file query-v6.cif (mmCIF, C-alpha atoms and all ligand atoms)
data_my_file
loop_
_atom_site.label_atom_id
_atom_site.label_comp_id
_atom_site.auth_asym_id
_atom_site.auth_seq_id
_atom_site.Cartn_x
_atom_site.Cartn_y
_atom_site.Cartn_z
CA MET B 1 0.00 0.00 0.00
CA ILE B 2 1.50 3.37 -1.04
CA LYS B 3 0.38 6.25 1.17
CA PRO B 4 0.81 9.97 0.48
CA SER B 5 2.10 12.18 3.28
CA VAL B 6 3.56 15.66 3.86
CA SER B 7 6.37 17.16 5.94
CA LEU B 8 5.45 18.91 9.17
CA SER B 9 7.76 20.50 11.72
CA LEU B 10 7.05 20.92 15.42
CA PHE B 11 9.04 24.15 15.52
CA ASP B 12 9.30 27.18 13.22
CA ALA B 13 10.95 25.83 10.08
CA PRO B 14 14.11 27.64 9.01
CA PRO B 15 13.57 29.59 5.74
CA GLY B 16 14.40 27.46 2.71
CA ALA B 17 13.86 24.13 4.49
CA PRO B 18 11.70 21.60 2.62
CA ILE B 19 9.07 21.68 5.31
CA LEU B 20 5.60 22.10 3.92
CA PHE B 21 3.78 22.73 7.20
CA SER B 22 5.52 24.56 9.99
CA ASN B 23 4.31 24.53 13.59
CA ASN B 24 0.69 25.56 14.37
CA ILE B 25 -0.30 21.88 14.59
CA ALA B 26 -3.88 22.52 15.76
CA VAL B 27 -4.59 24.10 12.34
CA ASN B 28 -2.16 22.16 10.17
CA ILE B 29 -2.96 18.58 11.23
CA PRO B 30 -6.72 18.86 10.45
CA LEU B 31 -5.85 20.58 7.14
CA ILE B 32 -3.42 17.79 6.14
CA ALA B 33 -6.01 15.10 6.99
CA GLY B 34 -8.76 17.07 5.21
CA LEU B 35 -6.77 17.03 1.97
CA GLY B 36 -6.68 13.23 2.12
CA TYR B 37 -3.07 12.68 3.18
CA GLN B 38 -2.47 9.64 5.32
CA GLY B 39 0.60 10.64 7.27
CA VAL B 40 3.42 13.05 8.00
CA ASP B 41 7.18 13.17 8.29
CA LEU B 42 7.83 14.92 11.57
CA PHE B 43 10.72 17.35 12.01
CA VAL B 44 11.40 17.24 15.73
CA GLN B 45 13.72 19.38 17.81
CA ASP B 46 12.88 18.39 21.36
CA PRO B 47 10.97 15.12 21.80
CA ASP B 48 10.24 16.05 25.42
CA ALA B 49 8.58 19.37 24.56
CA GLU B 50 4.84 19.62 25.18
CA VAL B 51 4.18 20.11 21.47
CA SER B 52 5.77 16.74 20.67
CA GLN B 53 3.22 14.87 22.81
CA GLU B 54 0.35 17.07 21.60
CA ALA B 55 1.30 16.28 18.01
CA LEU B 56 1.07 12.53 18.66
CA LYS B 57 -2.39 12.95 20.17
CA LEU B 58 -3.65 15.06 17.26
CA LEU B 59 -2.13 12.75 14.63
CA ASN B 60 -3.89 9.85 16.29
CA GLU B 61 -7.17 11.75 16.44
CA TYR B 62 -6.98 12.53 12.70
CA ASP B 63 -5.80 9.02 11.82
CA LEU B 64 -2.48 10.16 10.37
CA GLY B 65 0.57 7.88 10.49
CA VAL B 66 4.22 8.89 10.86
CA GLY B 67 6.73 7.88 8.21
CA ALA B 68 10.08 9.38 9.16
CA VAL B 69 11.03 11.34 12.24
CA MET B 70 13.58 13.85 10.96
CA PRO B 71 16.47 14.92 13.23
CA ALA B 72 17.67 17.66 10.82
CA ALA B 73 17.45 20.20 13.68
CA LEU B 74 20.48 18.50 15.27
CA ALA B 75 22.52 19.26 12.16
CA GLY B 76 21.31 22.86 12.42
CA GLU B 77 22.84 22.94 15.92
CA GLY B 78 26.18 21.63 14.63
CA LEU B 79 25.70 18.07 15.90
CA PHE B 80 26.96 15.41 13.48
CA LEU B 81 27.41 11.64 13.73
CA ALA B 82 30.70 11.72 11.83
CA ASP B 83 32.14 14.73 13.67
CA ARG B 84 35.82 14.43 14.59
CA ASN B 85 35.14 15.80 18.05
CA PRO B 86 34.17 12.94 20.43
CA GLU B 87 32.20 15.40 22.65
CA ILE B 88 29.97 16.26 19.70
CA ARG B 89 29.51 12.61 18.84
CA ARG B 90 28.52 11.85 22.44
CA GLU B 91 25.98 14.69 22.39
CA VAL B 92 24.47 13.59 19.08
CA ILE B 93 24.11 10.03 20.44
CA ARG B 94 22.37 11.41 23.53
CA ARG B 95 19.98 13.57 21.51
CA LEU B 96 19.25 10.80 18.99
CA ASP B 97 18.41 8.46 21.84
CA GLY B 98 15.43 10.70 22.73
CA ILE B 99 14.43 11.10 19.09
CA ILE B 100 14.50 7.32 18.49
CA ARG B 101 12.35 6.69 21.58
CA TYR B 102 9.92 9.34 20.33
CA ALA B 103 9.86 7.71 16.87
CA ALA B 104 8.97 4.42 18.57
CA GLU B 105 5.99 6.09 20.26
CA ALA B 106 4.99 7.66 16.94
CA GLY B 107 5.35 4.37 15.03
CA GLY B 108 7.90 6.00 12.71
CA MET B 109 11.44 5.43 11.47
CA VAL B 110 14.43 7.77 11.88
CA SER B 111 16.23 9.38 8.97
CA LEU B 112 19.97 10.01 8.93
CA GLY B 113 20.53 12.79 6.41
CA LEU B 114 22.38 16.03 7.10
CA VAL B 115 23.02 14.80 10.66
CA ARG B 116 25.72 12.44 9.37
CA GLY B 117 28.05 15.39 8.67
CA ASN B 118 30.69 16.31 6.13
CA ASN B 119 34.04 14.94 5.08
CA VAL B 120 36.57 17.60 6.14
CA PRO B 121 40.02 18.40 4.68
CA GLY B 122 42.79 16.14 5.98
CA GLU B 123 40.97 12.84 5.81
CA THR B 124 39.45 10.55 3.23
CA VAL B 125 35.73 10.05 2.68
CA GLN B 126 36.24 6.47 3.86
CA GLU B 127 37.64 7.72 7.20
CA THR B 128 34.60 9.97 7.64
CA LEU B 129 32.25 7.11 6.78
CA ASN B 130 34.07 4.81 9.21
CA ARG B 131 33.43 7.30 12.00
CA PHE B 132 29.79 7.59 10.89
CA SER B 133 29.52 3.78 11.07
CA ASP B 134 31.16 3.69 14.53
CA THR B 135 28.66 6.22 15.89
CA ILE B 136 25.77 4.30 14.36
CA GLU B 137 26.94 1.16 16.16
CA LYS B 138 26.51 3.09 19.41
CA ILE B 139 22.89 4.04 18.64
CA LEU B 140 21.87 0.62 17.36
CA PRO B 141 21.19 -0.86 20.81
CA VAL B 142 18.44 1.71 21.38
CA SER B 143 17.04 1.67 17.81
CA GLU B 144 16.95 -2.12 17.77
CA SER B 145 15.41 -2.47 21.22
CA CYS B 146 12.76 0.13 20.26
CA GLY B 147 12.17 -1.52 16.87
CA VAL B 148 12.88 1.74 15.02
CA PRO B 149 14.55 1.34 11.61
CA LEU B 150 17.38 3.79 10.87
CA MET B 151 17.47 5.02 7.28
CA VAL B 152 20.26 6.72 5.36
CA GLU B 153 18.99 9.51 3.12
CA PRO B 154 21.35 10.31 0.22
CA ILE B 155 21.47 14.10 -0.10
CA ASN B 156 22.76 16.20 -3.00
CA ARG B 157 26.32 17.59 -3.18
CA TYR B 158 25.25 21.18 -2.52
CA GLU B 159 24.06 20.26 0.99
CA ILE B 160 26.56 17.59 2.11
CA ASN B 161 29.65 15.85 0.72
CA THR B 162 29.08 12.25 1.86
CA LEU B 163 26.64 9.68 0.41
CA ASN B 164 25.16 11.83 -2.34
CA SER B 165 23.90 9.24 -4.80
CA SER B 166 21.43 6.44 -4.18
CA ILE B 167 23.74 3.72 -5.50
CA GLU B 168 26.79 4.74 -3.45
CA SER B 169 24.57 4.90 -0.37
CA CYS B 170 23.15 1.44 -1.02
CA ASP B 171 26.70 0.12 -1.55
CA TYR B 172 27.83 1.79 1.69
CA ILE B 173 25.04 0.03 3.61
CA GLN B 174 25.90 -3.34 2.10
CA GLU B 175 29.64 -2.93 2.68
CA SER B 176 29.23 -1.66 6.25
CA GLY B 177 27.15 -4.70 7.18
CA LEU B 178 25.08 -2.44 9.45
CA PRO B 179 21.31 -3.03 9.70
CA LEU B 180 20.47 0.23 7.92
CA TYR B 181 17.81 1.04 5.33
CA LEU B 182 17.40 3.72 2.68
CA MET B 183 15.01 6.57 2.18
CA LEU B 184 15.28 8.07 -1.28
CA ASP B 185 14.32 11.62 -2.21
CA THR B 186 13.52 12.25 -5.87
CA PHE B 187 14.74 15.86 -5.58
CA HIS B 188 18.24 14.67 -4.62
CA MET B 189 18.07 11.71 -7.03
CA ASN B 190 17.39 14.11 -9.91
CA ILE B 191 20.68 15.89 -9.11
CA GLU B 192 22.90 12.92 -8.27
CA ASP B 193 21.63 9.75 -9.95
CA VAL B 194 22.11 8.61 -13.53
CA SER B 195 18.54 7.31 -13.63
CA ILE B 196 15.90 7.70 -10.94
CA HIS B 197 14.21 4.54 -12.22
CA GLU B 198 17.36 2.42 -12.19
CA SER B 199 18.23 3.67 -8.69
CA PHE B 200 14.87 2.61 -7.32
CA ARG B 201 15.34 -0.81 -8.89
CA TYR B 202 18.92 -1.13 -7.55
CA CYS B 203 17.92 -0.07 -4.01
CA ARG B 204 14.59 -1.87 -3.76
CA ASP B 205 15.62 -4.33 -1.03
CA TYR B 206 16.74 -1.51 1.27
CA LEU B 207 14.04 1.05 0.43
CA ARG B 208 11.73 1.94 3.31
CA HIS B 209 10.65 5.51 2.60
CA VAL B 210 10.40 8.02 -0.26
CA HIS B 211 10.42 11.80 -0.46
CA PHE B 212 8.37 12.37 -3.60
CA LEU B 213 9.14 15.78 -5.10
CA ASP B 214 9.29 17.33 -8.50
CA SER B 215 12.56 18.81 -9.86
CA ASN B 216 12.05 22.12 -8.01
CA ARG B 217 11.18 20.54 -4.65
CA LEU B 218 7.50 21.25 -5.14
CA ALA B 219 4.50 18.97 -5.61
CA PRO B 220 4.45 16.50 -8.53
CA GLY B 221 3.31 18.40 -11.60
CA MET B 222 4.87 21.70 -10.48
CA GLY B 223 8.32 20.96 -11.98
CA HIS B 224 9.73 19.10 -14.97
CA LEU B 225 10.17 15.50 -13.77
CA ASP B 226 7.92 12.79 -15.16
CA MET B 227 6.45 11.92 -11.77
CA GLU B 228 3.83 9.56 -13.26
CA SER B 229 6.55 7.31 -14.66
CA ILE B 230 8.45 7.39 -11.34
CA MET B 231 5.22 6.34 -9.64
CA GLN B 232 4.95 3.51 -12.16
CA THR B 233 8.46 2.29 -11.26
CA LEU B 234 7.53 2.33 -7.57
CA TRP B 235 4.51 0.13 -8.33
CA GLU B 236 6.76 -2.17 -10.39
CA ILE B 237 9.25 -2.70 -7.56
CA ASP B 238 6.32 -3.29 -5.22
CA TYR B 239 7.23 -0.37 -2.95
CA ARG B 240 4.93 -0.17 0.03
CA GLY B 241 5.32 2.88 2.19
CA PHE B 242 4.84 6.62 2.26
CA LEU B 243 5.41 9.07 -0.58
CA CYS B 244 6.14 12.19 1.39
CA LEU B 245 5.75 15.64 -0.05
CA GLU B 246 8.79 17.10 1.68
CA ALA B 247 8.20 20.25 -0.31
CA LEU B 248 8.90 23.95 -0.07
CA PRO B 249 5.79 25.88 1.01
CA LYS B 250 5.41 27.66 -2.35
CA PRO B 251 3.34 29.56 -3.39
CA ASP B 252 2.12 28.66 0.09
CA ALA B 253 1.82 25.43 2.08
CA ALA B 254 -1.87 24.79 1.41
CA ALA B 255 -1.60 25.51 -2.35
CA CYS B 256 1.38 23.16 -2.76
CA ALA B 257 -0.28 20.45 -0.65
CA ARG B 258 -3.44 20.79 -2.77
CA ARG B 259 -1.44 20.35 -6.01
CA GLY B 260 0.12 17.23 -4.49
CA ALA B 261 -3.29 15.92 -3.44
CA GLU B 262 -4.57 16.39 -7.01
CA PHE B 263 -1.67 14.28 -8.32
CA PHE B 264 -2.25 11.56 -5.71
CA GLN B 265 -5.99 11.56 -6.49
CA ALA B 266 -5.27 11.06 -10.18
CA ALA B 267 -2.93 8.17 -9.22
CA GLY B 268 -5.72 6.60 -7.17
CA LEU B 269 -3.93 7.05 -3.82
CA ILE B 270 -6.37 9.60 -2.43
CA LYS B 271 -10.05 8.90 -2.72
CA ARG B 272 -11.92 11.38 -4.89
CA LYS B 273 -13.24 14.27 -2.94
CA LYS B 274 -13.37 18.01 -3.29
CA ILE B 275 -9.95 19.39 -2.38
C1 LIG T 1 15.79 15.98 4.23
O1 LIG T 1 14.87 14.98 3.96
C2 LIG T 1 16.39 16.45 3.01
O2 LIG T 1 15.96 16.10 1.94
C3 LIG T 1 17.53 17.31 3.14
O3 LIG T 1 17.76 17.99 1.95
C4 LIG T 1 17.49 18.21 4.31
O4 LIG T 1 17.16 19.51 3.98
MN MN T 2 14.41 14.53 1.77
#
call {"tool": "encode", "arguments": {"input": "query-v6.cif", "output": "structure tokens"}}
result
Amino acid sequence: MIKPSVSLSLFDAPPGAPILFSNNIAVNIPLIAGLGYQGVDLFVQDPDAEVSQEALKLLNEYDLGVGAVMPAALAGEGLFLADRNPEIRREVIRRLDGIIRYAAEAGGMVSLGLVRGNNVPGETVQETLNRFSDTIEKILPVSESCGVPLMVEPINRYEINTLNSSIESCDYIQESGLPLYLMLDTFHMNIEDVSIHESFRYCRDYLRHVHFLDSNRLAPGMGHLDMESIMQTLWEIDYRGFLCLEALPKPDAAACARRGAEFFQAAGLIKRKKI
């Protein structure tokens, strides 16, 4: 079953972030459900904040699931899994512990994107990835005991310099031997991958989540990718999971979410209703 969802943050989203709905959950959660979406990706800063518990209650009330819990805010605070400074690595492990426990309550998975950190001058990419793997080994006891899958999200070269393409990320997971999965984002795939279709086929056994955006990080149909044919490939590989509109709120959040809902209606993923 493929389910459409949108991105929602529990704090004021930084300008330029691909967060469709920002804060104001009492208004946004009913709106998201009203458009026919079936879930959200949750950008969380502090899992212990009151808003984090309120969000779970409201999501439950409106029958919305959680795909990925996104710890991108940690990266915004300078906390990275592959950081050379052991103090920073200890702090990111501590903060991720809370986020993983929250994801377990939400029934979601945790994405490791910008939070993995950059390769810095003076060492090889492999050395950076080895440190990333070492830190992951330290968070696995909690993610495994909570039953929360950890997913690597390949991200384009303009945002990070490790694990940019889908295929190199899939190879990294296989070579590391770590129990990690993949979430693929068509916006990044369009920049880094030779073929979005071939990447989905190559990664199918590891694929747990999809960020489903057009070329300009807006709803399908608002850019120049052939999103219908990408959808077709996802059916072909028997993908079952969320297609999350992790979009920019342009021209505004509701308008972009409505364009996405129209696409998902046409694809038969949202039941016909007036949107
Ligand atoms: C997060 O899902 C993402 O796609 C990154 O580009 C973070 O901004
Ligand atoms: Mn993404």
call {"tool": "residues_around", "arguments": {"input": "query-v6.cif", "residues": "Ser165 of chain B", "least_positions_apart": "3", "cutoff": "10 Å", "atoms": "only C-alpha atoms", "output": "list in words"}}
result
Glu153, Pro154, Ile155, Asn156, Arg157, Thr162, Glu168, Ser169, Cys170, Leu184, His188, Met189, Asn190, Ile191, Glu192, Asp193, Val194 and Ser199 of chain B
call {"tool": "residues_around", "arguments": {"input": "query-v6.cif", "residues": "Asn23 of chain B", "least_positions_apart": "4", "cutoff": "12 Å", "atoms": "only C-alpha atoms", "output": "list of chain:residue names"}}
result
B:Ser7, B:Leu8, B:Ser9, B:Leu10, B:Phe11, B:Asp12, B:Ala13, B:Pro14, B:Ile19, B:Val27, B:Asn28, B:Ile29, B:Leu42, B:Phe43, B:Val44, B:Gln45, B:Val51, B:Ser52, B:Glu54, B:Ala55, B:Ala253
call {"tool": "residues_around", "arguments": {"input": "query-v6.cif", "residues": "Phe264 of chain B", "least_positions_apart": "3", "cutoff": "12 Å", "atoms": "all atoms listed in the file", "output": "MDAnalysis selection string"}}
result
chainID B and resid 2:6 35:38 212 219:221 227:228 231 242:245 257:261 267:273 275
call {"tool": "closest_atom_pairs", "arguments": {"input": "query-v6.cif", "of": "segment 144-192 of chain B", "to": "segment 122-135 of chain B", "cutoff": "9 Å", "atoms": "only C-alpha atoms", "output": "Markdown table"}}
result
| residue | atom | partner | partner_atom | distance |
| --- | --- | --- | --- | --- |
| B:Asn161 | CA | B:Val125 | CA | 8.6 |
| B:Thr162 | CA | B:Val125 | CA | 7.1 |
| B:Leu163 | CA | B:Leu129 | CA | 8.9 |
| B:Tyr172 | CA | B:Leu129 | CA | 8.6 |
| B:Ser176 | CA | B:Ser133 | CA | 7.3 |
| B:Leu178 | CA | B:Ser133 | CA | 7.8 |
call {"tool": "atom_distance", "arguments": {"input": "query-v6.cif", "atom1": "atom CA of Leu182 of chain B", "atom2": "atom CA of Arg208 of chain B"}}
result
6.0 Å
call {"tool": "atom_distance", "arguments": {"input": "query-v6.cif", "atom1": "atom CA of Ala254 of chain B", "atom2": "atom CA of Tyr158 of chain B"}}
result
27.6 Å
call {"tool": "atom_distance", "arguments": {"input": "query-v6.cif", "atom1": "atom CA of Ala247 of chain B", "atom2": "atom CA of Asp214 of chain B"}}
result
8.8 Å
